[in-house]
file structure_19.txt (compact mmCIF, N, CA and C atoms)
# COMPACT_ATOMS: atom_id res chain seq x y z
N MET A 1 -14.60 23.75 -12.94
CA MET A 1 -13.31 23.62 -12.28
C MET A 1 -13.00 22.14 -12.07
N ALA A 2 -11.86 21.71 -12.47
CA ALA A 2 -11.49 20.30 -12.37
C ALA A 2 -11.12 19.93 -10.95
N ASP A 3 -11.54 18.74 -10.54
CA ASP A 3 -11.21 18.24 -9.21
C ASP A 3 -9.82 17.64 -9.26
N LYS A 4 -8.91 18.16 -8.49
CA LYS A 4 -7.54 17.67 -8.48
C LYS A 4 -7.35 16.48 -7.55
N GLY A 5 -8.43 16.06 -6.90
CA GLY A 5 -8.34 14.92 -6.00
C GLY A 5 -7.74 15.25 -4.65
N MET A 6 -7.53 16.53 -4.37
CA MET A 6 -6.93 16.94 -3.12
C MET A 6 -8.03 17.02 -2.06
N SER A 7 -8.13 15.99 -1.25
CA SER A 7 -9.18 15.99 -0.24
C SER A 7 -8.64 15.82 1.17
N MET A 8 -7.31 15.67 1.32
CA MET A 8 -6.73 15.52 2.65
C MET A 8 -5.60 16.51 2.84
N GLY A 9 -5.43 16.93 4.09
CA GLY A 9 -4.38 17.88 4.41
C GLY A 9 -3.82 17.64 5.79
N ALA A 10 -2.78 18.39 6.13
CA ALA A 10 -2.15 18.27 7.45
C ALA A 10 -1.70 19.65 7.93
N VAL A 11 -1.84 19.85 9.24
CA VAL A 11 -1.49 21.12 9.89
C VAL A 11 -0.71 20.81 11.15
N GLY A 12 0.32 21.59 11.42
CA GLY A 12 1.07 21.42 12.67
C GLY A 12 2.54 21.74 12.49
N GLU A 13 3.35 21.25 13.41
CA GLU A 13 4.78 21.52 13.39
C GLU A 13 5.38 21.01 12.08
N ARG A 14 6.25 21.83 11.51
CA ARG A 14 6.85 21.55 10.20
C ARG A 14 7.42 20.13 10.11
N ASP A 15 8.25 19.73 11.06
CA ASP A 15 8.89 18.41 10.97
C ASP A 15 7.91 17.25 11.12
N ALA A 16 6.73 17.51 11.64
CA ALA A 16 5.73 16.45 11.80
C ALA A 16 4.79 16.34 10.60
N VAL A 17 4.60 17.42 9.86
CA VAL A 17 3.61 17.38 8.77
C VAL A 17 4.19 17.34 7.36
N LEU A 18 5.46 17.68 7.20
CA LEU A 18 6.02 17.70 5.84
C LEU A 18 6.01 16.33 5.17
N CYS A 19 6.08 15.26 5.95
CA CYS A 19 6.05 13.92 5.36
C CYS A 19 4.72 13.67 4.62
N PHE A 20 3.65 14.33 5.03
CA PHE A 20 2.36 14.16 4.37
C PHE A 20 2.37 14.75 2.96
N LYS A 21 3.23 15.72 2.74
CA LYS A 21 3.35 16.34 1.42
C LYS A 21 3.86 15.32 0.40
N ALA A 22 4.71 14.41 0.84
CA ALA A 22 5.28 13.40 -0.04
C ALA A 22 4.22 12.47 -0.63
N ILE A 23 3.08 12.35 0.05
CA ILE A 23 2.01 11.50 -0.47
C ILE A 23 0.88 12.31 -1.09
N GLY A 24 1.17 13.59 -1.36
CA GLY A 24 0.24 14.41 -2.11
C GLY A 24 -0.78 15.20 -1.31
N MET A 25 -0.63 15.24 -0.01
CA MET A 25 -1.56 16.02 0.80
C MET A 25 -1.23 17.51 0.75
N ASP A 26 -2.24 18.31 1.02
CA ASP A 26 -2.07 19.76 1.13
C ASP A 26 -1.58 20.03 2.55
N VAL A 27 -0.38 20.54 2.71
CA VAL A 27 0.26 20.68 4.02
C VAL A 27 0.52 22.16 4.33
N ILE A 28 0.18 22.56 5.57
CA ILE A 28 0.48 23.91 6.03
C ILE A 28 1.15 23.81 7.40
N PRO A 29 2.47 24.03 7.45
CA PRO A 29 3.16 24.03 8.75
C PRO A 29 2.75 25.26 9.56
N THR A 30 2.58 25.08 10.87
CA THR A 30 2.21 26.18 11.75
C THR A 30 3.06 26.15 13.01
N SER A 31 3.14 27.30 13.69
CA SER A 31 3.93 27.35 14.92
C SER A 31 3.19 27.98 16.09
N ASN A 32 1.92 28.41 15.86
CA ASN A 32 1.14 28.96 16.97
C ASN A 32 -0.35 28.83 16.65
N GLY A 33 -1.18 29.17 17.62
CA GLY A 33 -2.62 29.01 17.48
C GLY A 33 -3.24 29.83 16.36
N ASP A 34 -2.77 31.07 16.18
CA ASP A 34 -3.31 31.91 15.10
C ASP A 34 -3.01 31.33 13.73
N GLU A 35 -1.78 30.86 13.54
CA GLU A 35 -1.41 30.23 12.26
C GLU A 35 -2.24 28.97 12.03
N THR A 36 -2.45 28.20 13.08
CA THR A 36 -3.24 26.97 12.96
C THR A 36 -4.67 27.28 12.58
N THR A 37 -5.25 28.29 13.21
CA THR A 37 -6.63 28.69 12.88
C THR A 37 -6.74 29.10 11.42
N ARG A 38 -5.80 29.92 10.96
CA ARG A 38 -5.80 30.34 9.55
C ARG A 38 -5.59 29.16 8.61
N ALA A 39 -4.70 28.25 8.98
CA ALA A 39 -4.42 27.08 8.14
C ALA A 39 -5.65 26.20 7.98
N LEU A 40 -6.37 25.97 9.08
CA LEU A 40 -7.59 25.16 9.00
C LEU A 40 -8.61 25.83 8.07
N PHE A 41 -8.80 27.12 8.23
CA PHE A 41 -9.73 27.85 7.37
C PHE A 41 -9.31 27.75 5.91
N THR A 42 -8.02 27.92 5.65
CA THR A 42 -7.50 27.85 4.28
C THR A 42 -7.75 26.48 3.67
N LEU A 43 -7.45 25.42 4.40
CA LEU A 43 -7.66 24.07 3.88
C LEU A 43 -9.12 23.80 3.59
N VAL A 44 -9.99 24.19 4.51
CA VAL A 44 -11.43 23.97 4.30
C VAL A 44 -11.91 24.77 3.09
N SER A 45 -11.43 25.99 2.94
CA SER A 45 -11.86 26.81 1.79
C SER A 45 -11.33 26.24 0.47
N ARG A 46 -10.26 25.47 0.52
CA ARG A 46 -9.73 24.80 -0.68
C ARG A 46 -10.47 23.50 -0.99
N GLY A 47 -11.39 23.12 -0.12
CA GLY A 47 -12.15 21.89 -0.34
C GLY A 47 -11.58 20.66 0.33
N VAL A 48 -10.59 20.84 1.19
CA VAL A 48 -10.02 19.71 1.92
C VAL A 48 -11.04 19.26 2.96
N ARG A 49 -11.33 17.98 3.00
CA ARG A 49 -12.37 17.48 3.90
C ARG A 49 -11.85 16.61 5.03
N VAL A 50 -10.60 16.13 4.93
CA VAL A 50 -9.97 15.36 6.01
C VAL A 50 -8.66 16.06 6.33
N ILE A 51 -8.56 16.56 7.57
CA ILE A 51 -7.39 17.32 7.97
C ILE A 51 -6.76 16.67 9.21
N PHE A 52 -5.51 16.27 9.07
CA PHE A 52 -4.75 15.75 10.20
C PHE A 52 -4.08 16.93 10.87
N ILE A 53 -4.18 17.00 12.20
CA ILE A 53 -3.59 18.11 12.95
C ILE A 53 -2.79 17.53 14.11
N THR A 54 -1.59 18.04 14.32
CA THR A 54 -0.78 17.53 15.42
C THR A 54 -1.43 17.91 16.76
N GLU A 55 -1.17 17.11 17.77
CA GLU A 55 -1.75 17.37 19.09
C GLU A 55 -1.41 18.77 19.58
N LYS A 56 -0.15 19.17 19.40
CA LYS A 56 0.30 20.49 19.88
C LYS A 56 -0.49 21.60 19.19
N ALA A 57 -0.63 21.50 17.87
CA ALA A 57 -1.38 22.52 17.12
C ALA A 57 -2.85 22.51 17.54
N ALA A 58 -3.40 21.34 17.75
CA ALA A 58 -4.82 21.24 18.17
C ALA A 58 -5.04 21.90 19.51
N MET A 59 -4.11 21.71 20.45
CA MET A 59 -4.26 22.30 21.77
C MET A 59 -4.08 23.82 21.74
N GLU A 60 -3.36 24.33 20.74
CA GLU A 60 -3.14 25.77 20.62
C GLU A 60 -4.31 26.49 19.95
N ALA A 61 -5.21 25.74 19.31
CA ALA A 61 -6.32 26.37 18.58
C ALA A 61 -7.66 25.69 18.89
N PRO A 62 -8.04 25.62 20.17
CA PRO A 62 -9.26 24.90 20.53
C PRO A 62 -10.53 25.49 19.93
N GLU A 63 -10.58 26.81 19.76
CA GLU A 63 -11.79 27.43 19.19
C GLU A 63 -11.98 27.00 17.74
N ALA A 64 -10.90 26.93 16.99
CA ALA A 64 -10.98 26.51 15.59
C ALA A 64 -11.45 25.06 15.49
N LEU A 65 -10.92 24.21 16.37
CA LEU A 65 -11.34 22.81 16.35
C LEU A 65 -12.82 22.69 16.68
N LYS A 66 -13.27 23.47 17.64
CA LYS A 66 -14.68 23.44 18.02
C LYS A 66 -15.57 23.85 16.85
N ARG A 67 -15.11 24.84 16.10
CA ARG A 67 -15.87 25.32 14.93
C ARG A 67 -16.09 24.21 13.91
N TYR A 68 -15.05 23.44 13.62
CA TYR A 68 -15.15 22.40 12.61
C TYR A 68 -15.70 21.08 13.15
N GLN A 69 -15.75 20.95 14.47
CA GLN A 69 -16.27 19.72 15.08
C GLN A 69 -17.74 19.52 14.73
N SER A 70 -18.48 20.60 14.58
CA SER A 70 -19.90 20.49 14.28
C SER A 70 -20.18 20.47 12.77
N ASP A 71 -19.14 20.55 11.94
CA ASP A 71 -19.29 20.54 10.49
C ASP A 71 -19.16 19.10 10.00
N ALA A 72 -20.26 18.53 9.55
CA ALA A 72 -20.27 17.13 9.11
C ALA A 72 -19.45 16.92 7.84
N GLY A 73 -19.12 17.98 7.12
CA GLY A 73 -18.37 17.85 5.88
C GLY A 73 -16.87 17.88 6.06
N VAL A 74 -16.40 18.09 7.30
CA VAL A 74 -14.97 18.19 7.56
C VAL A 74 -14.61 17.31 8.76
N ALA A 75 -13.54 16.52 8.61
CA ALA A 75 -13.03 15.72 9.72
C ALA A 75 -11.64 16.23 10.09
N VAL A 76 -11.50 16.74 11.31
CA VAL A 76 -10.20 17.20 11.81
C VAL A 76 -9.73 16.14 12.80
N ILE A 77 -8.63 15.48 12.45
CA ILE A 77 -8.17 14.32 13.21
C ILE A 77 -6.84 14.61 13.88
N PRO A 78 -6.82 14.66 15.22
CA PRO A 78 -5.55 14.89 15.93
C PRO A 78 -4.62 13.68 15.81
N ILE A 79 -3.34 13.96 15.61
CA ILE A 79 -2.31 12.93 15.51
C ILE A 79 -1.14 13.33 16.39
N PRO A 80 -0.30 12.37 16.79
CA PRO A 80 0.89 12.75 17.56
C PRO A 80 1.79 13.64 16.72
N GLY A 81 2.47 14.55 17.37
CA GLY A 81 3.38 15.45 16.67
C GLY A 81 4.81 14.98 16.76
N SER A 82 5.73 15.89 16.54
CA SER A 82 7.14 15.55 16.54
C SER A 82 7.66 15.18 17.93
N GLN A 83 6.93 15.56 18.97
CA GLN A 83 7.34 15.24 20.33
C GLN A 83 6.66 14.00 20.87
N GLY A 84 5.94 13.27 20.01
CA GLY A 84 5.26 12.06 20.42
C GLY A 84 3.84 12.32 20.86
N ALA A 85 3.18 11.28 21.32
CA ALA A 85 1.79 11.37 21.74
C ALA A 85 1.70 11.89 23.17
N GLY A 86 0.79 12.82 23.37
CA GLY A 86 0.57 13.36 24.70
C GLY A 86 -0.75 12.93 25.30
N GLY A 87 -1.52 12.15 24.57
CA GLY A 87 -2.80 11.67 25.07
C GLY A 87 -4.00 12.47 24.57
N TYR A 88 -3.75 13.64 23.97
CA TYR A 88 -4.85 14.49 23.50
C TYR A 88 -5.67 13.79 22.40
N ALA A 89 -4.98 13.20 21.43
CA ALA A 89 -5.67 12.55 20.31
C ALA A 89 -6.56 11.41 20.81
N MET A 90 -6.05 10.58 21.69
CA MET A 90 -6.84 9.46 22.20
C MET A 90 -8.02 9.95 23.03
N ALA A 91 -7.83 11.00 23.78
CA ALA A 91 -8.93 11.57 24.57
C ALA A 91 -10.04 12.08 23.66
N ARG A 92 -9.68 12.70 22.51
CA ARG A 92 -10.68 13.18 21.55
C ARG A 92 -11.45 12.01 20.92
N VAL A 93 -10.72 10.95 20.56
CA VAL A 93 -11.37 9.77 19.98
C VAL A 93 -12.35 9.18 20.99
N LYS A 94 -11.90 9.05 22.23
CA LYS A 94 -12.74 8.48 23.29
C LYS A 94 -14.00 9.33 23.50
N ALA A 95 -13.83 10.65 23.56
CA ALA A 95 -14.98 11.54 23.75
C ALA A 95 -15.96 11.45 22.59
N ASN A 96 -15.45 11.36 21.36
CA ASN A 96 -16.33 11.26 20.21
C ASN A 96 -17.09 9.94 20.17
N VAL A 97 -16.43 8.85 20.56
CA VAL A 97 -17.11 7.55 20.61
C VAL A 97 -18.20 7.58 21.67
N GLU A 98 -17.88 8.11 22.85
CA GLU A 98 -18.88 8.21 23.91
C GLU A 98 -20.06 9.07 23.47
N LYS A 99 -19.78 10.16 22.79
CA LYS A 99 -20.84 11.04 22.31
C LYS A 99 -21.72 10.32 21.28
N ALA A 100 -21.10 9.56 20.40
CA ALA A 100 -21.83 8.89 19.33
C ALA A 100 -22.70 7.74 19.82
N ILE A 101 -22.19 6.95 20.76
CA ILE A 101 -22.96 5.76 21.17
C ILE A 101 -23.42 5.79 22.62
N GLY A 102 -22.98 6.78 23.37
CA GLY A 102 -23.45 6.93 24.74
C GLY A 102 -22.77 6.06 25.77
N ALA A 103 -21.65 5.43 25.40
CA ALA A 103 -20.94 4.58 26.35
C ALA A 103 -19.46 4.53 26.00
N ASP A 104 -18.63 4.23 26.99
CA ASP A 104 -17.20 4.09 26.77
C ASP A 104 -16.91 2.65 26.40
N ILE A 105 -16.84 2.36 25.10
CA ILE A 105 -16.55 0.99 24.67
C ILE A 105 -15.07 0.78 24.42
N LEU A 106 -14.30 1.87 24.36
CA LEU A 106 -12.87 1.74 24.07
C LEU A 106 -12.08 1.27 25.27
N PHE A 107 -12.40 1.81 26.43
CA PHE A 107 -11.63 1.47 27.62
C PHE A 107 -12.46 0.75 28.66
N ASN A 108 -13.79 0.73 28.46
CA ASN A 108 -14.70 0.03 29.34
C ASN A 108 -14.46 0.37 30.80
N ASN A 109 -14.38 1.66 31.09
CA ASN A 109 -14.18 2.12 32.47
C ASN A 109 -15.50 2.12 33.21
N ASP A 110 -15.72 1.11 34.03
CA ASP A 110 -16.94 1.04 34.83
C ASP A 110 -16.66 1.58 36.20
N GLU A 111 -17.60 2.35 36.72
CA GLU A 111 -17.51 2.84 38.08
C GLU A 111 -17.74 1.71 39.09
N LYS A 112 -18.27 0.57 38.62
CA LYS A 112 -18.63 -0.55 39.51
C LYS A 112 -17.44 -1.39 39.94
N GLU A 113 -16.28 -1.18 39.31
CA GLU A 113 -15.11 -1.99 39.66
C GLU A 113 -14.71 -1.76 41.11
N GLY A 114 -14.21 -2.82 41.72
CA GLY A 114 -13.70 -2.57 43.04
C GLY A 114 -13.75 -3.68 43.95

call {"tool": "encode", "arguments": {"input": "structure_19.txt", "output": "C-alpha cells"}}
result
Amino acid sequence: MADKGMSMGAVGERDAVLCFKAIGMDVIPTSNGDETTRALFTLVSRGVRVIFITEKAAMEAPEALKRYQSDAGVAVIPIPGSQGAGGYAMARVKANVEKAIGADILFNNDEKEG
C-alpha cells in the first residue's frame, strides 16, 4: 500500500477545521462528543499520527483524549476553535510539561512568592 503522506488531521467545529483541508490535512468536522470520538478513531485507523482538535471538541470528548494520551504513536493537540481560546489548550500543554519534567517551567508559579 502506497503512503500518501497523510500524517496530520484536524477535528472540531466545521468553520475552525476546514482551513486545514486546504493544506492537505485529513479533516473531520464534528458537532458533539460522540462525533469527535468517532472522528479521532477514524483518523488514527487511517494512520494519522498528529491530530489537531479544537478546544470545544476536546472538552466534549475527554474519554477519547485520555485514550490517545497514553499512545506514544499519536499526538492529539488542542487548538483554539472558532470562538477563540478558552485556556484549555494552554492548560494541557502546561500539564504535559509538568508531567514530563516534574516542574512548571512555563509559568514558574512558585508557592514561595509573597

call {"tool": "atom_distance", "arguments": {"input": "structure_19.txt", "atom1": "CA of Leu18 in chain A", "atom2": "CA of Thr36 in chain A"}}
result
14.9 Å

call {"tool": "atom_distance", "arguments": {"input": "structure_19.txt", "atom1": "CA of Pro80 in chain A", "atom2": "CA of Glu55 in chain A"}}
result
5.5 Å

call {"tool": "residues_near_point", "arguments": {"input": "structure_19.txt", "point": "(-13.7, 16.1, 1.3)", "cutoff": "7 Å", "atoms": "only N, CA and C atoms", "output": "compact mmCIF listing (two decimals) with N, CA and C atoms, in the frame of the given file"}}
result
# COMPACT_ATOMS: atom_id res chain seq x y z
N MET A 6 -7.53 16.53 -4.37
CA MET A 6 -6.93 16.94 -3.12
C MET A 6 -8.03 17.02 -2.06
N SER A 7 -8.13 15.99 -1.25
CA SER A 7 -9.18 15.99 -0.24
C SER A 7 -8.64 15.82 1.17
N MET A 8 -7.31 15.67 1.32
CA MET A 8 -6.73 15.52 2.65
C MET A 8 -5.60 16.51 2.84
N GLY A 47 -11.39 23.12 -0.12
CA GLY A 47 -12.15 21.89 -0.34
C GLY A 47 -11.58 20.66 0.33
N VAL A 48 -10.59 20.84 1.19
CA VAL A 48 -10.02 19.71 1.92
C VAL A 48 -11.04 19.26 2.96
N ARG A 49 -11.33 17.98 3.00
CA ARG A 49 -12.37 17.48 3.90
C ARG A 49 -11.85 16.61 5.03
N VAL A 50 -10.60 16.13 4.93
CA VAL A 50 -9.97 15.36 6.01
C VAL A 50 -8.66 16.06 6.33
N GLY A 73 -19.12 17.98 7.12
CA GLY A 73 -18.37 17.85 5.88
C GLY A 73 -16.87 17.88 6.06
N VAL A 74 -16.40 18.09 7.30
CA VAL A 74 -14.97 18.19 7.56
C VAL A 74 -14.61 17.31 8.76

call {"tool": "atom_distance", "arguments": {"input": "structure_19.txt", "atom1": "CA of Leu40 in chain A", "atom2": "CA of Ala64 in chain A"}}
result
7.5 Å

call {"tool": "closest_residue", "arguments": {"input": "structure_19.txt", "among": "A:Asp34, A:Gly81, A:Leu65, A:Leu43", "to": "Gly12 in chain A", "atoms": "all atoms listed in the file"}}
result
A:Gly81
